[in-house]
file structure-v9.pdb (PDB, C-alpha atoms, pLDDT in the B column)
MODEL        1
ATOM      1  CA  MET A 207      22.375 -15.446 -45.009  1.00 39.00           C
ATOM      2  CA  LYS A 208      20.576 -12.958 -42.739  1.00 38.00           C
ATOM      3  CA  ILE A 209      18.633 -11.525 -45.680  1.00 40.00           C
ATOM      4  CA  VAL A 210      17.361 -14.960 -46.707  1.00 39.00           C
ATOM      5  CA  LEU A 211      16.153 -15.709 -43.183  1.00 37.00           C
ATOM      6  CA  PHE A 212      14.390 -12.353 -42.990  1.00 39.00           C
ATOM      7  CA  VAL A 213      12.570 -12.948 -46.276  1.00 41.00           C
ATOM      8  CA  GLY A 214      11.594 -16.441 -45.115  1.00 37.00           C
ATOM      9  CA  TRP A 215      10.068 -15.080 -41.908  1.00 40.00           C
ATOM     10  CA  LEU A 216       8.290 -12.357 -43.881  1.00 41.00           C
ATOM     11  CA  PHE A 217       6.380 -14.926 -45.959  1.00 42.00           C
ATOM     12  CA  ALA A 218       5.937 -17.567 -43.241  1.00 42.00           C
ATOM     13  CA  PRO A 219       2.505 -16.317 -42.047  1.00 44.00           C
ATOM     14  CA  PHE A 220       1.039 -16.764 -45.545  1.00 46.00           C
ATOM     15  CA  VAL A 221       2.223 -20.369 -45.908  1.00 48.00           C
ATOM     16  CA  GLY A 222       0.402 -21.477 -42.759  1.00 50.00           C
ATOM     17  CA  MET A 223      -2.986 -20.333 -44.072  1.00 61.00           C
ATOM     18  CA  ALA A 224      -3.253 -23.026 -46.766  1.00 70.00           C
ATOM     19  CA  GLN A 225      -5.635 -25.943 -46.326  1.00 78.00           C
ATOM     20  CA  VAL A 226      -5.482 -29.326 -48.025  1.00 82.00           C
ATOM     21  CA  PHE A 227      -8.448 -31.642 -48.593  1.00 83.00           C
ATOM     22  CA  TYR A 228      -8.336 -35.232 -49.829  1.00 83.00           C
ATOM     23  CA  GLY A 229     -10.944 -37.334 -51.604  1.00 83.00           C
ATOM     24  CA  HIS A 230     -11.313 -41.037 -52.224  1.00 81.00           C
ATOM     25  CA  SER A 231     -10.450 -42.904 -55.380  1.00 83.00           C
ATOM     26  CA  GLY A 232     -12.606 -45.161 -57.481  1.00 85.00           C
ATOM     27  CA  SER A 233     -13.065 -46.719 -60.881  1.00 85.00           C
ATOM     28  CA  ILE A 234     -13.793 -44.663 -63.973  1.00 83.00           C
ATOM     29  CA  SER A 235     -16.295 -46.337 -66.264  1.00 78.00           C
ATOM     30  CA  ASP A 236     -15.712 -46.486 -69.987  1.00 74.00           C
ATOM     31  CA  VAL A 237     -18.126 -44.745 -72.370  1.00 65.00           C
ATOM     32  CA  GLN A 238     -19.423 -47.976 -73.909  1.00 68.00           C
ATOM     33  CA  PRO A 239     -22.293 -48.762 -74.155  1.00 71.00           C
ATOM     34  CA  VAL A 240     -23.673 -45.767 -72.220  1.00 74.00           C
ATOM     35  CA  HIS A 241     -22.108 -42.473 -71.140  1.00 74.00           C
ATOM     36  CA  ARG A 242     -21.919 -42.268 -67.378  1.00 78.00           C
ATOM     37  CA  VAL A 243     -20.806 -39.658 -64.844  1.00 83.00           C
ATOM     38  CA  ASP A 244     -18.389 -40.912 -62.206  1.00 85.00           C
ATOM     39  CA  SER A 245     -18.168 -38.593 -59.188  1.00 86.00           C
ATOM     40  CA  PHE A 246     -15.673 -38.618 -56.329  1.00 84.00           C
ATOM     41  CA  ALA A 247     -16.531 -36.489 -53.291  1.00 84.00           C
ATOM     42  CA  ILE A 248     -13.919 -34.390 -51.508  1.00 84.00           C
ATOM     43  CA  PRO A 249     -15.142 -33.535 -47.989  1.00 84.00           C
ATOM     44  CA  VAL A 250     -14.332 -29.934 -47.045  1.00 82.00           C
ATOM     45  CA  LYS A 251     -14.473 -28.879 -43.384  1.00 83.00           C
ATOM     46  CA  GLY A 252     -13.196 -26.041 -41.232  1.00 81.00           C
ATOM     47  CA  LEU A 253     -13.802 -23.098 -43.553  1.00 78.00           C
ATOM     48  CA  PRO A 254     -15.358 -19.883 -42.245  1.00 75.00           C
ATOM     49  CA  ARG A 255     -19.044 -19.172 -42.915  1.00 74.00           C
ATOM     50  CA  VAL A 256     -18.209 -16.225 -45.138  1.00 71.00           C
ATOM     51  CA  ILE A 257     -15.705 -16.701 -47.944  1.00 69.00           C
ATOM     52  CA  ASP A 258     -14.011 -13.528 -49.163  1.00 72.00           C
ATOM     53  CA  GLU A 259     -10.909 -12.473 -51.076  1.00 72.00           C
ATOM     54  CA  LYS A 260      -8.693 -14.112 -48.426  1.00 72.00           C
ATOM     55  CA  PHE A 261      -9.933 -17.572 -49.407  1.00 73.00           C
ATOM     56  CA  GLY A 262     -10.050 -19.220 -52.775  1.00 75.00           C
ATOM     57  CA  LEU A 263      -8.990 -22.183 -54.798  1.00 82.00           C
ATOM     58  CA  ALA A 264      -5.263 -22.040 -55.492  1.00 86.00           C
ATOM     59  CA  LYS A 265      -4.523 -25.461 -56.938  1.00 91.00           C
ATOM     60  CA  VAL A 266      -6.140 -28.845 -57.639  1.00 92.00           C
ATOM     61  CA  CYS A 267      -3.945 -31.954 -57.989  1.00 93.00           C
ATOM     62  CA  PHE A 268      -4.751 -35.560 -58.823  1.00 92.00           C
ATOM     63  CA  ASP A 269      -3.643 -38.787 -60.499  1.00 92.00           C
ATOM     64  CA  ILE A 270      -5.871 -40.592 -62.997  1.00 91.00           C
ATOM     65  CA  VAL A 271      -4.940 -43.842 -64.660  1.00 89.00           C
ATOM     66  CA  HIS A 272      -6.996 -44.268 -67.834  1.00 88.00           C
ATOM     67  CA  PRO A 273      -5.967 -45.689 -71.217  1.00 87.00           C
ATOM     68  CA  ARG A 274      -7.406 -42.771 -73.218  1.00 87.00           C
ATOM     69  CA  VAL A 275      -7.697 -39.472 -71.345  1.00 90.00           C
ATOM     70  CA  ALA A 276      -9.297 -37.777 -74.359  1.00 90.00           C
ATOM     71  CA  ASP A 277     -12.470 -39.621 -73.290  1.00 87.00           C
ATOM     72  CA  LEU A 278     -12.518 -37.769 -69.950  1.00 90.00           C
ATOM     73  CA  LYS A 279     -14.246 -34.539 -68.962  1.00 91.00           C
ATOM     74  CA  ILE A 280     -12.865 -33.484 -65.578  1.00 93.00           C
ATOM     75  CA  GLU A 281     -14.847 -30.891 -63.652  1.00 92.00           C
ATOM     76  CA  LEU A 282     -14.532 -29.638 -60.086  1.00 90.00           C
ATOM     77  CA  LEU A 283     -18.052 -29.090 -58.750  1.00 87.00           C
ATOM     78  CA  SER A 284     -18.898 -27.190 -55.555  1.00 82.00           C
ATOM     79  CA  PRO A 285     -21.887 -28.020 -53.304  1.00 78.00           C
ATOM     80  CA  ASP A 286     -23.764 -24.981 -54.664  1.00 80.00           C
ATOM     81  CA  GLY A 287     -23.431 -26.304 -58.227  1.00 84.00           C
ATOM     82  CA  THR A 288     -20.666 -23.955 -59.385  1.00 86.00           C
ATOM     83  CA  GLY A 289     -18.239 -25.829 -61.601  1.00 89.00           C
ATOM     84  CA  ILE A 290     -14.770 -25.389 -63.046  1.00 91.00           C
ATOM     85  CA  TRP A 291     -13.725 -27.387 -66.098  1.00 94.00           C
ATOM     86  CA  LEU A 292     -10.221 -28.610 -65.404  1.00 96.00           C
ATOM     87  CA  SER A 293      -9.807 -30.665 -68.579  1.00 95.00           C
ATOM     88  CA  ASN A 294     -12.380 -31.379 -71.263  1.00 94.00           C
ATOM     89  CA  ARG A 295     -11.379 -34.270 -73.559  1.00 92.00           C
ATOM     90  CA  ASN A 296      -7.731 -33.214 -73.802  1.00 94.00           C
ATOM     91  CA  GLY A 297      -4.699 -35.357 -74.516  1.00 89.00           C
ATOM     92  CA  GLY A 298      -5.014 -36.575 -78.088  1.00 84.00           C
ATOM     93  CA  ASP A 299      -5.966 -39.986 -79.411  1.00 80.00           C
ATOM     94  CA  GLN A 300      -3.061 -41.951 -77.985  1.00 79.00           C
ATOM     95  CA  GLY A 301      -2.535 -40.339 -74.566  1.00 82.00           C
ATOM     96  CA  SER A 302      -3.072 -42.057 -71.252  1.00 87.00           C
ATOM     97  CA  GLY A 303      -2.988 -40.811 -67.688  1.00 92.00           C
ATOM     98  CA  TYR A 304      -2.695 -37.783 -65.438  1.00 95.00           C
ATOM     99  CA  TYR A 305       0.302 -38.379 -63.171  1.00 95.00           C
ATOM    100  CA  SER A 306       0.996 -35.844 -60.389  1.00 95.00           C
ATOM    101  CA  THR A 307      -1.007 -33.370 -62.438  1.00 96.00           C
ATOM    102  CA  CYS A 308      -2.091 -30.042 -60.963  1.00 96.00           C
ATOM    103  CA  PHE A 309      -4.270 -27.215 -62.228  1.00 96.00           C
ATOM    104  CA  ARG A 310      -3.888 -23.585 -61.202  1.00 94.00           C
ATOM    105  CA  ALA A 311      -4.582 -20.204 -62.771  1.00 92.00           C
ATOM    106  CA  ASN A 312      -0.901 -19.671 -63.654  1.00 94.00           C
ATOM    107  CA  GLY A 313       0.252 -23.237 -64.348  1.00 94.00           C
ATOM    108  CA  HIS A 314       3.873 -23.188 -65.523  1.00 95.00           C
ATOM    109  CA  SER A 315       3.317 -26.111 -67.951  1.00 96.00           C
ATOM    110  CA  GLY A 316       0.934 -23.992 -70.045  1.00 95.00           C
ATOM    111  CA  PHE A 317      -2.642 -24.573 -71.123  1.00 96.00           C
ATOM    112  CA  VAL A 318      -3.808 -28.167 -70.756  1.00 96.00           C
ATOM    113  CA  TYR A 319      -5.532 -28.149 -74.160  1.00 95.00           C
ATOM    114  CA  GLN A 320      -2.165 -27.477 -75.837  1.00 94.00           C
ATOM    115  CA  ALA A 321      -0.427 -30.378 -74.086  1.00 93.00           C
ATOM    116  CA  LYS A 322      -0.243 -34.057 -74.971  1.00 91.00           C
ATOM    117  CA  ALA A 323      -0.882 -36.945 -72.617  1.00 93.00           C
ATOM    118  CA  PRO A 324       0.354 -38.439 -70.450  1.00 94.00           C
ATOM    119  CA  PHE A 325       0.010 -35.293 -68.368  1.00 96.00           C
ATOM    120  CA  SER A 326       2.389 -34.361 -65.561  1.00 96.00           C
ATOM    121  CA  GLY A 327       3.066 -30.906 -64.130  1.00 96.00           C
ATOM    122  CA  GLU A 328       1.021 -27.772 -63.392  1.00 97.00           C
ATOM    123  CA  PHE A 329      -1.389 -26.683 -66.114  1.00 97.00           C
ATOM    124  CA  ILE A 330      -3.819 -23.851 -66.734  1.00 97.00           C
ATOM    125  CA  PRO A 331      -7.282 -25.463 -66.793  1.00 96.00           C
ATOM    126  CA  ASP A 332      -9.852 -25.237 -69.575  1.00 96.00           C
ATOM    127  CA  GLY A 333     -12.152 -23.238 -67.263  1.00 93.00           C
ATOM    128  CA  ARG A 334     -11.405 -20.184 -65.184  1.00 90.00           C
ATOM    129  CA  MET A 335     -10.208 -20.687 -61.591  1.00 82.00           C
TER     130      MET A 335
ENDMDL
END
call {"tool": "encode", "arguments": {"input": "structure-v9.pdb", "output": "structure tokens"}}
result
Amino acid sequence: MKIVLFVGWLFAPFVGMAQVFYGHSGSISDVQPVHRVDSFAIPVKGLPRVIDEKFGLAKVCFDIVHPRVADLKIELLSPDGTGIWLSNRNGGDQGSGYYSTCFRANGHSGFVYQAKAPFSGEFIPDGRM
């Protein structure tokens, strides 16, 4: 029991450094008759002026309800225009929805392009995080 508590206290400082940001939801338009980009802003505040190896994107999570997720291209876009493709038309012809779906560099559910919808779990994105 003492060893477990010691290990817990050893890693405790690293857990407190994480930050969480939330965005707002909205409707996703269908591709007919015109393709359209639907964007949902996630306000980010409280970061230092200089970002270095101590800061980075660890994980992105969301829920999307859509009847055919293979129609969706999901990209995380920073204010400076840098983007990360999370999922680009994945899920197959019959799949619907991303439910409690997360993307991280070492997602334990495997690569998202190899999975079938509906998606749930932690996946490796199409782009590099």
call {"tool": "residues_around", "arguments": {"input": "structure-v9.pdb", "residues": "Gly297 of chain A", "least_positions_apart": "2", "cutoff": "12 Å", "atoms": "only C-alpha atoms", "output": "number ranges by chain"}}
result
A: 272-279, 293-295, 299-304, 317-326
call {"tool": "atom_distance", "arguments": {"input": "structure-v9.pdb", "atom1": "atom CA of Pro331 of chain A", "atom2": "atom CA of Phe309 of chain A"}}
result
5.7 Å
call {"tool": "residues_around", "arguments": {"input": "structure-v9.pdb", "residues": "Arg310 of chain A", "least_positions_apart": "4", "cutoff": "7 Å", "atoms": "only C-alpha atoms", "output": "list in words"}}
result
Ala264, Lys265, Val266, Glu328, Phe329, Ile330, Pro331 and Met335 of chain A
call {"tool": "closest_residue", "arguments": {"input": "structure-v9.pdb", "among": "A:Ala311, A:Gly287, A:Ser245, A:Gly229", "to": "Gly262 of chain A", "atoms": "only C-alpha atoms"}}
result
A:Ala311
call {"tool": "closest_residue", "arguments": {"input": "structure-v9.pdb", "among": "A:Ser235, A:Ser306, A:Gln225, A:His230", "to": "Lys251 of chain A", "atoms": "all atoms listed in the file"}}
result
A:Gln225
call {"tool": "closest_residue", "arguments": {"input": "structure-v9.pdb", "among": "A:Val226, A:His241, A:His314, A:Tyr305", "to": "Val271 of chain A", "atoms": "only C-alpha atoms"}}
result
A:Tyr305
call {"tool": "residues_near_point", "arguments": {"input": "structure-v9.pdb", "point": "(-12.8, -26.0, -57.2)", "cutoff": "8 Å", "atoms": "all atoms listed in the file", "output": "list in words"}}
result
Leu263, Val266, Leu282, Leu283, Ser284, Gly289, Ile290 and Met335 of chain A
call {"tool": "resolve_selection", "arguments": {"input": "structure-v9.pdb", "expression": "the PyMOL selection byres ((chain A and resi 231) around 12)", "output": "ChimeraX atom specification"}}
result
/A:228-230,232-234,244-248,268-271
call {"tool": "closest_residue", "arguments": {"input": "structure-v9.pdb", "among": "A:Val240, A:Gly313, A:Ala224, A:Asp332", "to": "Gly252 of chain A", "atoms": "all atoms listed in the file"}}
result
A:Ala224
call {"tool": "atom_distance", "arguments": {"input": "structure-v9.pdb", "atom1": "atom CA of Asn312 of chain A", "atom2": "atom CA of Gly327 of chain A"}}
result
11.9 Å
call {"tool": "atom_distance", "arguments": {"input": "structure-v9.pdb", "atom1": "atom CA of Glu259 of chain A", "atom2": "atom CA of Gly316 of chain A"}}
result
25.2 Å
